[in-house]
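Student: Handing you this structure, nothing more for now.
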There are 2 protein chains.
Amino acid sequence: MALEAIRSGERNEAGIAAVLRLLGARFGPRVQTGQDMRAQHAHSTTYIPAQLPDGVVFPETAGEVCEIVALASAHRVPLIAFGTGSSLEGHINAPHGGISVDLGRMDRVLSVNTGDLDCTVEPGVTREALNTYLRDTGLFFPIDPGANASIGGMASTRASGTNAVRYGTMKDNVLALTVVTAGGKEIRTAHRAKKSSAGYDLTRLFVGAEGTLGIITSVTLRLQGIPETIAGGVCPFPSISDACNAVMLTIQSGIPVARIELLDALQMKASNAYSGLNFAELPTLFLEFHGSPDSVALQSKQFAEIAADFGGGAFLWTANAQERATLWKARHNAYWAQKSLAPGLAILSTDVCVPISRLADCVEATQADILAHGLIAPIVGHAGDGNFHVGLLFDDKDTADVARAEDFVARLNDRALAMDGTCTGEHGIGQGKMPFLEAELGGALDLMRQVKRGLDPDNIFNPGKIFSL
Amino acid sequence: MALEAIRSGERNEAGIAAVLRLLGARFGPRVQTGQDMRAQHAHSTTYIPAQLPDGVVFPETAGEVCEIVALASAHRVPLIAFGTGSSLEGHINAPHGGISVDLGRMDRVLSVNTGDLDCTVEPGVTREALNTYLRDTGLFFPIDPGANASIGGMASTRASGTNAVRYGTMKDNVLALTVVTAGGKEIRTAHRAKKSSAGYDLTRLFVGAEGTLGIITSVTLRLQGIPETIAGGVCPFPSISDACNAVMLTIQSGIPVARIELLDALQMKASNAYSGLNFAELPTLFLEFHGSPDSVALQSKQFAEIAADFGGGAFLWTANAQERATLWKARHNAYWAQKSLAPGLAILSTDVCVPISRLADCVEATQADILAHGLIAPIVGHAGDGNFHVGLLFDDKDTADVARAEDFVARLNDRALAMDGTCTGEHGIGQGKMPFLEAELGGALDLMRQVKRGLDPDNIFNPGKIFSL
């Protein structure tokens, strides 16, 4: 059961009190202990119950993060790095209490190197703020997890999203980090060269470490040129299997789709109702193409041919920005459309990822499971990566319904693992997926524990996440 | 001085003797201790003096690797994983003695999943053998470091090469590994999903770890569709700076070049002489384009326009395979052309990598240094990545010349680091680059040491490489 993982752990009461006192003396009003502020730093867009930190500190510089970490190290007090709180698996909860380190005030863009297609930002910069900042340079940062997350948080959860199929995930787009490690020393994992073979890949070790190995103080990112043309398209299919086969052949053919999203029939029905659309209520692919006008036209034509081979219906596409927004409305409003299916209920948004050849099997078996258990759970997938999300509607106040939801999640994860997949393609482990990591990686968890013990011997960085020590 | 790093260390004589005896009893003729065999497993294509292992063992299965590691763990005896011996910085030397584990007999392709564009191979499969095996599937493995290296070795050194500009490095193309870790247990770092956020990125931790954390027993790789058309092109430029500016604009424009290589004037002169060509003896770019016939024609046209803006001479290009081989002959024979400049001398092949905006500065300053010190050292660069190689000709029997070579390497690395670069883009640290890693990453080395101590507490895996403990 997922929620078993989040029971509160032991608390170092004396240490927490001492650190709060010392932080208060040092940072004054930039340390907050009010109930509302603490609740804001534990509550997130997750189904997992909140576990509040004892206080929140707002550093403004990397030097201040060093001071905070040094204090916490000396007193063995947990530090939970906080970006915008948009993580989904309980990453920002404080099961052992401690201090939430809110990096939202470290929101400066430190440098942009247009010639090298890179930039360096503080961790609190959000992806939307970064792209606004970059607009005049002709460059953009492509990773789009949906939420307007912070770059530090996106690095920490190895985020990706709709256009990872073309541009990769945070793993592929972080060139270097600075990180404050145990004891309070800031280190640099790499420099700005596009590639390096200089020692262990510490950059990739911190990307996805969910704040359990240190606190990120800057992120150097790869950027992309803003495409000359962006085209959008929508195509319904008779079955999930047909849609997934079209996706697989699209990828195999090397068509560089920028996004290729699968919405199942229930999601389409919800989206039609919520957004006043009249799409066929069938499994549907939403596509986006980036390139020159000729290139997006060619890509669209190639995709249309593949879609037709798999029984795809009319392929609507457009290179006009406004028409594209209209076409994509169902995808953009997917979450709110899910909510509208049962306005009183909570949504458990969970993700798994399987090899693309198994995506249809995994989605269809999941739909059968949803039907068999009388659940309401639309499916939206980043089909080009074999990654999909189930938005399970459930009553988070009803113990029996919570248990049903957890059982569903367990079956979903078992199914993905049995298909050579992973229990999370992009949300991370946090607390919610802890029960499944052992089944997925077995003995490799011992290596993760060895790394954690080596780098964070006092277990101060986001304890109680990813694995138990 | 680079070579200071390779002094022989302490030897565990009793342990080595015991392990050789036990291995002999277990593996019979698959353990060899003859001088020639040992020399073959220390000698490599490097300028660094050989340090021979005490014996060589040839496992044929992952289970046998587990047995070997368990024995070595019990007796605290070094194990040096060996692929084909094509590494360049002393990676396969045995400064503390011990056993070379030759993985050449573990050369099976375990599975190919055409629908998922992936395959799983044993570590001893070479990249050429893999591509021969794959030919009928329409897929290929793109990473090409020049040598016909083993996949396990390429993973361990985070190899890349000429077409990394399009397809990335080993970091980007390894999906999962199995690795035998200290004590002799085999673990799996990930499964076949295209992406995952499930815990620490152990895959990327082992990629580039140079065999210091465990022995790789299988590698799951991403594959690519064989391009419909491959076109090649060659274009001379008035200066390094003009050539590099053309490269930078090509990358910025999003032209998906598959290879974009820079040869300096001395290299062109050497290549003309060696291969009987008559190219202008100017800085020259060699390009390759992958795609449909229309796409490669368009890419070539776009590049030609950029080249013209930077004073490029006639841009020769062809989509005919035989003509392309002729055009690219100068690049393919670059190493042998370097050798022919001074047939009696050895070649020190060293690499650095800088942000692409600094590539011209770094190459020009290096040429000035070569001139000022009366050295012979042609330059070949993977210009799209800001990565270049210097082939320094020197007399490896002459102490003074060796010292001059080492001083040159030290200045080259200092120069790259001062430009926000790295002391190695693709060769790895091994022994040769150990003196520069501290300057490059400072405090981050302590984290690497903590990881090493955690995962290899008895320091049995390739000791004396990357950093001193």
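To be explicit about the labels: the chains of the structure tokens are called A, B, and onward in the order shown, and within each one the residues are counted from 1, while ligands get numbers from 1 in the order they are shown.
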Counting only C-alpha atoms, which residues of segment 356-446 of chain A sit at most 10 Å from some atom of segment 150-160 of chain A, and what is each one's closest atom pair with its distance in Å to one decimal, listed by chain and rising residue number, as JSON lines?

Tutor:
{"residue": "A:His382", "atom": "CA", "partner": "A:Ser160", "partner_atom": "CA", "distance": 9.8}
{"residue": "A:Gly425", "atom": "CA", "partner": "A:Ser160", "partner_atom": "CA", "distance": 8.4}
{"residue": "A:Glu426", "atom": "CA", "partner": "A:Ala159", "partner_atom": "CA", "distance": 5.2}
{"residue": "A:His427", "atom": "CA", "partner": "A:Thr157", "partner_atom": "CA", "distance": 6.6}
{"residue": "A:Gly428", "atom": "CA", "partner": "A:Thr157", "partner_atom": "CA", "distance": 5.4}
{"residue": "A:Ile429", "atom": "CA", "partner": "A:Thr157", "partner_atom": "CA", "distance": 8.4}
{"residue": "A:Gly430", "atom": "CA", "partner": "A:Thr157", "partner_atom": "CA", "distance": 8.7}

Student: Near Ala182 of chain A, within 9 Å and counting only C-alpha atoms, which residues show up once chain neighbours fewer than 6 positions away are dropped, as a short mmCIF file (atom, residue, chain, number, x, y, z; two decimals) with N, CA and C atoms, in the first residue's frame?

Tutor:
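Output (around04.cif):
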data_model
loop_
_atom_site.label_atom_id
_atom_site.label_comp_id
_atom_site.auth_asym_id
_atom_site.auth_seq_id
_atom_site.Cartn_x
_atom_site.Cartn_y
_atom_site.Cartn_z
N VAL A 69 22.31 24.90 5.33
CA VAL A 69 22.70 23.49 5.33
C VAL A 69 23.72 23.22 6.43
N ALA A 70 24.65 24.15 6.63
CA ALA A 70 25.64 23.97 7.70
C ALA A 70 24.96 23.86 9.06
N ALA A 72 21.80 22.98 9.65
CA ALA A 72 21.02 21.73 9.71
C ALA A 72 21.93 20.53 9.88
N SER A 73 23.09 20.56 9.22
CA SER A 73 24.05 19.46 9.37
C SER A 73 24.52 19.37 10.82
N LEU A 213 20.07 14.39 -1.84
CA LEU A 213 21.54 14.37 -1.78
C LEU A 213 22.14 15.77 -1.60
N GLY A 214 21.31 16.80 -1.66
CA GLY A 214 21.82 18.15 -1.55
C GLY A 214 20.77 19.12 -2.07
N LEU A 455 26.93 10.43 0.69
CA LEU A 455 26.81 11.87 0.43
C LEU A 455 26.03 12.61 1.52
N ASP A 456 25.19 11.89 2.24
CA ASP A 456 24.35 12.55 3.25
C ASP A 456 24.34 11.68 4.51
N PRO A 457 25.50 11.59 5.17
CA PRO A 457 25.64 10.61 6.26
C PRO A 457 24.65 10.84 7.40
N ASP A 458 24.22 12.07 7.61
CA ASP A 458 23.27 12.33 8.70
C ASP A 458 21.83 12.34 8.23
N ASN A 459 21.61 12.02 6.95
CA ASN A 459 20.25 11.91 6.42
C ASN A 459 19.43 13.17 6.67
N ILE A 460 20.02 14.31 6.35
CA ILE A 460 19.28 15.57 6.54
C ILE A 460 18.50 15.99 5.30
N PHE A 461 18.89 15.50 4.11
CA PHE A 461 18.25 15.99 2.88
C PHE A 461 17.01 15.17 2.55
#

Student: Taking only C-alpha atoms into account, which residues of chain A are within 7 Å of chain B, as number ranges by chain?

Tutor: A: 115-116, 157-158, 187-201, 204-205, 208-209, 225, 248, 252, 254, 353-357, 385, 420-429, 437, 441, 443-444, 447-448, 450-451, 454-455, 466

Student: How would you write, as an mmCIF file with N, CA and C atoms, in the first residue's frame, the set of residues in segment 160-402 of chain B that DSSP gives as strand (DSSP E)?

Tutor:
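Wrote selection.cif, looks like this:
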data_model
loop_
_atom_site.group_PDB
_atom_site.id
_atom_site.type_symbol
_atom_site.label_atom_id
_atom_site.label_comp_id
_atom_site.auth_asym_id
_atom_site.auth_seq_id
_atom_site.Cartn_x
_atom_site.Cartn_y
_atom_site.Cartn_z
ATOM 1 N N VAL B 174 22.495 4.765 -23.668
ATOM 2 C CA VAL B 174 22.369 3.567 -22.831
ATOM 3 C C VAL B 174 21.074 3.687 -22.046
ATOM 4 N N LEU B 175 20.201 2.708 -22.215
ATOM 5 C CA LEU B 175 18.927 2.707 -21.489
ATOM 6 C C LEU B 175 19.055 2.032 -20.138
ATOM 7 N N ALA B 176 19.872 1.004 -20.069
ATOM 8 C CA ALA B 176 19.965 0.215 -18.837
ATOM 9 C C ALA B 176 21.234 -0.614 -18.885
ATOM 10 N N LEU B 177 21.674 -1.022 -17.719
ATOM 11 C CA LEU B 177 22.859 -1.868 -17.593
ATOM 12 C C LEU B 177 22.589 -2.964 -16.579
ATOM 13 N N THR B 178 23.262 -4.098 -16.727
ATOM 14 C CA THR B 178 23.468 -4.962 -15.571
ATOM 15 C C THR B 178 24.947 -4.863 -15.227
ATOM 16 N N VAL B 179 25.217 -4.873 -13.927
ATOM 17 C CA VAL B 179 26.566 -4.635 -13.436
ATOM 18 C C VAL B 179 26.818 -5.572 -12.268
ATOM 19 N N VAL B 180 27.998 -6.169 -12.237
ATOM 20 C CA VAL B 180 28.389 -6.936 -11.055
ATOM 21 C C VAL B 180 29.121 -5.987 -10.116
ATOM 22 N N THR B 181 28.581 -5.880 -8.914
ATOM 23 C CA THR B 181 29.112 -4.922 -7.949
ATOM 24 C C THR B 181 29.919 -5.648 -6.880
ATOM 25 N N LYS B 185 27.597 -9.481 -6.605
ATOM 26 C CA LYS B 185 26.169 -9.541 -6.917
ATOM 27 C C LYS B 185 25.890 -8.742 -8.192
ATOM 28 N N GLU B 186 25.043 -9.300 -9.070
ATOM 29 C CA GLU B 186 24.680 -8.574 -10.290
ATOM 30 C C GLU B 186 23.410 -7.766 -10.026
ATOM 31 N N ILE B 187 23.441 -6.501 -10.395
ATOM 32 C CA ILE B 187 22.249 -5.660 -10.254
ATOM 33 C C ILE B 187 21.866 -5.112 -11.622
ATOM 34 N N ARG B 188 20.613 -4.677 -11.710
ATOM 35 C CA ARG B 188 20.086 -4.054 -12.933
ATOM 36 C C ARG B 188 19.790 -2.602 -12.600
ATOM 37 N N ILE B 215 31.612 -4.167 -12.730
ATOM 38 C CA ILE B 215 31.887 -4.670 -14.081
ATOM 39 C C ILE B 215 30.568 -4.858 -14.818
ATOM 40 N N ILE B 216 30.444 -4.177 -15.940
ATOM 41 C CA ILE B 216 29.225 -4.214 -16.745
ATOM 42 C C ILE B 216 29.095 -5.582 -17.413
ATOM 43 N N THR B 217 27.907 -6.193 -17.284
ATOM 44 C CA THR B 217 27.691 -7.516 -17.889
ATOM 45 C C THR B 217 26.666 -7.487 -19.017
ATOM 46 N N SER B 218 25.869 -6.421 -19.114
ATOM 47 C CA SER B 218 25.032 -6.239 -20.304
ATOM 48 C C SER B 218 24.668 -4.775 -20.435
ATOM 49 N N VAL B 219 24.411 -4.381 -21.669
ATOM 50 C CA VAL B 219 24.097 -2.984 -21.973
ATOM 51 C C VAL B 219 22.859 -2.964 -22.860
ATOM 52 N N THR B 220 21.838 -2.230 -22.429
ATOM 53 C CA THR B 220 20.662 -2.026 -23.275
ATOM 54 C C THR B 220 20.806 -0.665 -23.943
ATOM 55 N N LEU B 221 20.771 -0.689 -25.272
ATOM 56 C CA LEU B 221 21.091 0.500 -26.074
ATOM 57 C C LEU B 221 19.884 0.988 -26.853
ATOM 58 N N ARG B 222 19.784 2.282 -27.041
ATOM 59 C CA ARG B 222 18.840 2.854 -28.007
ATOM 60 C C ARG B 222 19.414 2.683 -29.406
ATOM 61 N N GLN B 224 18.762 3.519 -33.806
ATOM 62 C CA GLN B 224 18.195 4.492 -34.738
ATOM 63 C C GLN B 224 17.876 3.787 -36.054
ATOM 64 N N GLY B 225 16.922 4.310 -36.778
ATOM 65 C CA GLY B 225 16.676 3.814 -38.123
ATOM 66 C C GLY B 225 17.833 4.189 -39.038
ATOM 67 N N THR B 229 18.988 8.260 -46.787
ATOM 68 C CA THR B 229 20.085 8.821 -47.578
ATOM 69 C C THR B 229 21.145 9.392 -46.638
ATOM 70 N N ILE B 230 22.398 9.163 -47.020
ATOM 71 C CA ILE B 230 23.513 9.792 -46.297
ATOM 72 C C ILE B 230 24.288 10.614 -47.320
ATOM 73 N N ALA B 231 24.403 11.903 -47.042
ATOM 74 C CA ALA B 231 25.169 12.765 -47.947
ATOM 75 C C ALA B 231 26.417 13.253 -47.223
ATOM 76 N N GLY B 232 27.457 13.505 -47.987
ATOM 77 C CA GLY B 232 28.700 14.012 -47.414
ATOM 78 C C GLY B 232 29.088 15.313 -48.074
ATOM 79 N N GLY B 233 29.848 16.124 -47.361
ATOM 80 C CA GLY B 233 30.281 17.386 -47.938
ATOM 81 C C GLY B 233 31.602 17.835 -47.337
ATOM 82 N N VAL B 234 32.309 18.690 -48.069
ATOM 83 C CA VAL B 234 33.587 19.237 -47.630
ATOM 84 C C VAL B 234 33.631 20.707 -48.010
ATOM 85 N N CYS B 235 34.123 21.555 -47.095
ATOM 86 C CA CYS B 235 34.195 22.986 -47.378
ATOM 87 C C CYS B 235 35.380 23.628 -46.660
ATOM 88 N N PRO B 236 36.278 24.299 -47.404
ATOM 89 C CA PRO B 236 37.408 24.988 -46.773
ATOM 90 C C PRO B 236 37.027 26.400 -46.325
ATOM 91 N N ARG B 259 27.313 14.741 -38.802
ATOM 92 C CA ARG B 259 28.723 14.917 -38.440
ATOM 93 C C ARG B 259 29.143 16.281 -38.953
ATOM 94 N N ILE B 260 29.993 16.977 -38.203
ATOM 95 C CA ILE B 260 30.572 18.237 -38.681
ATOM 96 C C ILE B 260 31.951 18.352 -38.052
ATOM 97 N N GLU B 261 32.944 17.957 -38.828
ATOM 98 C CA GLU B 261 34.305 17.783 -38.337
ATOM 99 C C GLU B 261 35.209 18.886 -38.868
ATOM 100 N N LEU B 262 36.077 19.377 -37.993
ATOM 101 C CA LEU B 262 37.038 20.422 -38.378
ATOM 102 C C LEU B 262 38.436 19.820 -38.459
ATOM 103 N N LEU B 263 39.103 20.017 -39.588
ATOM 104 C CA LEU B 263 40.515 19.635 -39.724
ATOM 105 C C LEU B 263 41.310 20.911 -39.933
ATOM 106 N N THR B 284 39.238 23.171 -42.681
ATOM 107 C CA THR B 284 38.220 22.575 -43.545
ATOM 108 C C THR B 284 37.186 21.830 -42.708
ATOM 109 N N LEU B 285 35.914 21.993 -43.099
ATOM 110 C CA LEU B 285 34.846 21.245 -42.436
ATOM 111 C C LEU B 285 34.434 20.057 -43.301
ATOM 112 N N PHE B 286 34.294 18.912 -42.657
ATOM 113 C CA PHE B 286 33.757 17.709 -43.289
ATOM 114 C C PHE B 286 32.379 17.457 -42.684
ATOM 115 N N LEU B 287 31.364 17.320 -43.547
ATOM 116 C CA LEU B 287 30.003 17.182 -43.037
ATOM 117 C C LEU B 287 29.350 15.897 -43.511
ATOM 118 N N GLU B 288 28.378 15.451 -42.719
ATOM 119 C CA GLU B 288 27.536 14.348 -43.156
ATOM 120 C C GLU B 288 26.103 14.701 -42.783
ATOM 121 N N PHE B 289 25.178 14.383 -43.683
ATOM 122 C CA PHE B 289 23.762 14.680 -43.480
ATOM 123 C C PHE B 289 22.970 13.380 -43.599
ATOM 124 N N HIS B 290 22.044 13.144 -42.699
ATOM 125 C CA HIS B 290 21.197 11.952 -42.735
ATOM 126 C C HIS B 290 19.747 12.353 -42.942
ATOM 127 N N GLY B 291 19.030 11.617 -43.787
ATOM 128 C CA GLY B 291 17.597 11.896 -43.949
ATOM 129 C C GLY B 291 17.080 11.381 -45.279
ATOM 130 N N LEU B 316 31.756 21.120 -51.733
ATOM 131 C CA LEU B 316 31.533 19.884 -52.476
ATOM 132 C C LEU B 316 30.615 18.995 -51.666
ATOM 133 N N TRP B 317 29.568 18.497 -52.271
ATOM 134 C CA TRP B 317 28.769 17.517 -51.534
ATOM 135 C C TRP B 317 28.181 16.488 -52.477
ATOM 136 N N THR B 318 27.830 15.332 -51.914
ATOM 137 C CA THR B 318 27.313 14.240 -52.718
ATOM 138 C C THR B 318 26.456 13.331 -51.856
ATOM 139 N N ALA B 346 55.994 8.770 -31.797
ATOM 140 C CA ALA B 346 54.716 8.323 -31.239
ATOM 141 C C ALA B 346 53.703 9.465 -31.354
ATOM 142 N N ILE B 347 52.418 9.107 -31.223
ATOM 143 C CA ILE B 347 51.374 10.144 -31.216
ATOM 144 C C ILE B 347 50.698 10.169 -29.860
ATOM 145 N N LEU B 348 50.621 11.358 -29.313
ATOM 146 C CA LEU B 348 49.830 11.560 -28.107
ATOM 147 C C LEU B 348 48.497 12.135 -28.576
ATOM 148 N N SER B 349 47.439 11.341 -28.473
ATOM 149 C CA SER B 349 46.132 11.809 -28.919
ATOM 150 C C SER B 349 45.355 12.249 -27.689
ATOM 151 N N THR B 350 45.134 13.537 -27.567
ATOM 152 C CA THR B 350 44.479 14.066 -26.368
ATOM 153 C C THR B 350 43.273 14.890 -26.778
ATOM 154 N N ASP B 351 42.284 14.984 -25.883
ATOM 155 C CA ASP B 351 41.079 15.730 -26.250
ATOM 156 C C ASP B 351 40.634 16.664 -25.135
ATOM 157 N N VAL B 352 40.110 17.802 -25.533
ATOM 158 C CA VAL B 352 39.420 18.707 -24.609
ATOM 159 C C VAL B 352 38.114 19.121 -25.283
ATOM 160 N N CYS B 353 37.236 19.744 -24.521
ATOM 161 C CA CYS B 353 35.957 20.188 -25.061
ATOM 162 C C CYS B 353 35.580 21.500 -24.396
ATOM 163 N N ILE B 379 45.355 19.154 -35.694
ATOM 164 C CA ILE B 379 44.136 19.225 -34.884
ATOM 165 C C ILE B 379 42.937 18.752 -35.705
ATOM 166 N N VAL B 380 42.152 17.872 -35.087
ATOM 167 C CA VAL B 380 40.906 17.388 -35.681
ATOM 168 C C VAL B 380 39.822 17.551 -34.627
ATOM 169 N N GLY B 381 38.709 18.177 -34.997
ATOM 170 C CA GLY B 381 37.697 18.442 -33.977
ATOM 171 C C GLY B 381 36.318 17.966 -34.360
ATOM 172 N N HIS B 382 35.564 17.494 -33.345
ATOM 173 C CA HIS B 382 34.125 17.278 -33.491
ATOM 174 C C HIS B 382 33.490 18.642 -33.228
ATOM 175 N N ASN B 387 34.405 19.955 -29.289
ATOM 176 C CA ASN B 387 35.367 18.935 -28.833
ATOM 177 C C ASN B 387 36.468 18.812 -29.875
ATOM 178 N N PHE B 388 37.749 18.897 -29.448
ATOM 179 C CA PHE B 388 38.786 18.655 -30.457
ATOM 180 C C PHE B 388 39.936 17.826 -29.902
ATOM 181 N N HIS B 389 40.640 17.209 -30.844
ATOM 182 C CA HIS B 389 41.760 16.326 -30.554
ATOM 183 C C HIS B 389 43.029 16.945 -31.101
ATOM 184 N N VAL B 390 44.093 16.847 -30.340
ATOM 185 C CA VAL B 390 45.401 17.216 -30.848
ATOM 186 C C VAL B 390 46.205 15.933 -30.954
ATOM 187 N N GLY B 391 46.794 15.715 -32.122
ATOM 188 C CA GLY B 391 47.659 14.550 -32.320
ATOM 189 C C GLY B 391 49.106 15.012 -32.248
ATOM 190 N N LEU B 392 49.653 15.016 -31.047
ATOM 191 C CA LEU B 392 51.004 15.546 -30.847
ATOM 192 C C LEU B 392 52.036 14.463 -31.146
ATOM 193 N N LEU B 393 52.908 14.759 -32.087
ATOM 194 C CA LEU B 393 53.977 13.811 -32.435
ATOM 195 C C LEU B 393 55.154 14.045 -31.510
ATOM 196 N N PHE B 394 55.626 12.991 -30.881
ATOM 197 C CA PHE B 394 56.739 13.150 -29.941
ATOM 198 C C PHE B 394 57.511 11.838 -29.849
#

Student: Mind the document's chain letters and residue numbers, and return as number ranges by chain the residues of segment 384-468 of chain B that DSSP labels helix (DSSP H, G or I).

Tutor: B: 384-385, 399-418, 434-441, 444-455

Student: Calculate how many Å separate atom CA of Ala18 of chain B from atom CA of Asp54 of chain B, rounding to one decimal.

Tutor: 11.7 Å

Student: One decimal, in Å: what's the spacing between atom CA of Asp36 of chain A and atom CA of Ala50 of chain A?

Tutor: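 Those two atoms sit 12.4 Å apart.
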
Student: List the spatial neighbours of Val56 of chain A as a PyMOL selection string - criterion: any atom at most 6 Å away, only C-alpha atoms, same-chain residues fewer than 6 positions off excluded.

Tutor: chain A and resi 31-32+99-101

Student: Considering only C-alpha atoms, return as a count of residues only whatever protein or nucleic-acid residues lie within 7 Å of segment 19-30 of chain A, sequence-local ones (same chain, fewer than 5 positions apart) excluded.

Tutor: 5

Student: What is the atom CA of Leu130 of chain B-atom CA of Ala147 of chain B distance in Å, reported with one decimal?

Tutor: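 Atom CA of Ala147 of chain B lies at a distance of 13.7 Å from atom CA of Leu130 of chain B.
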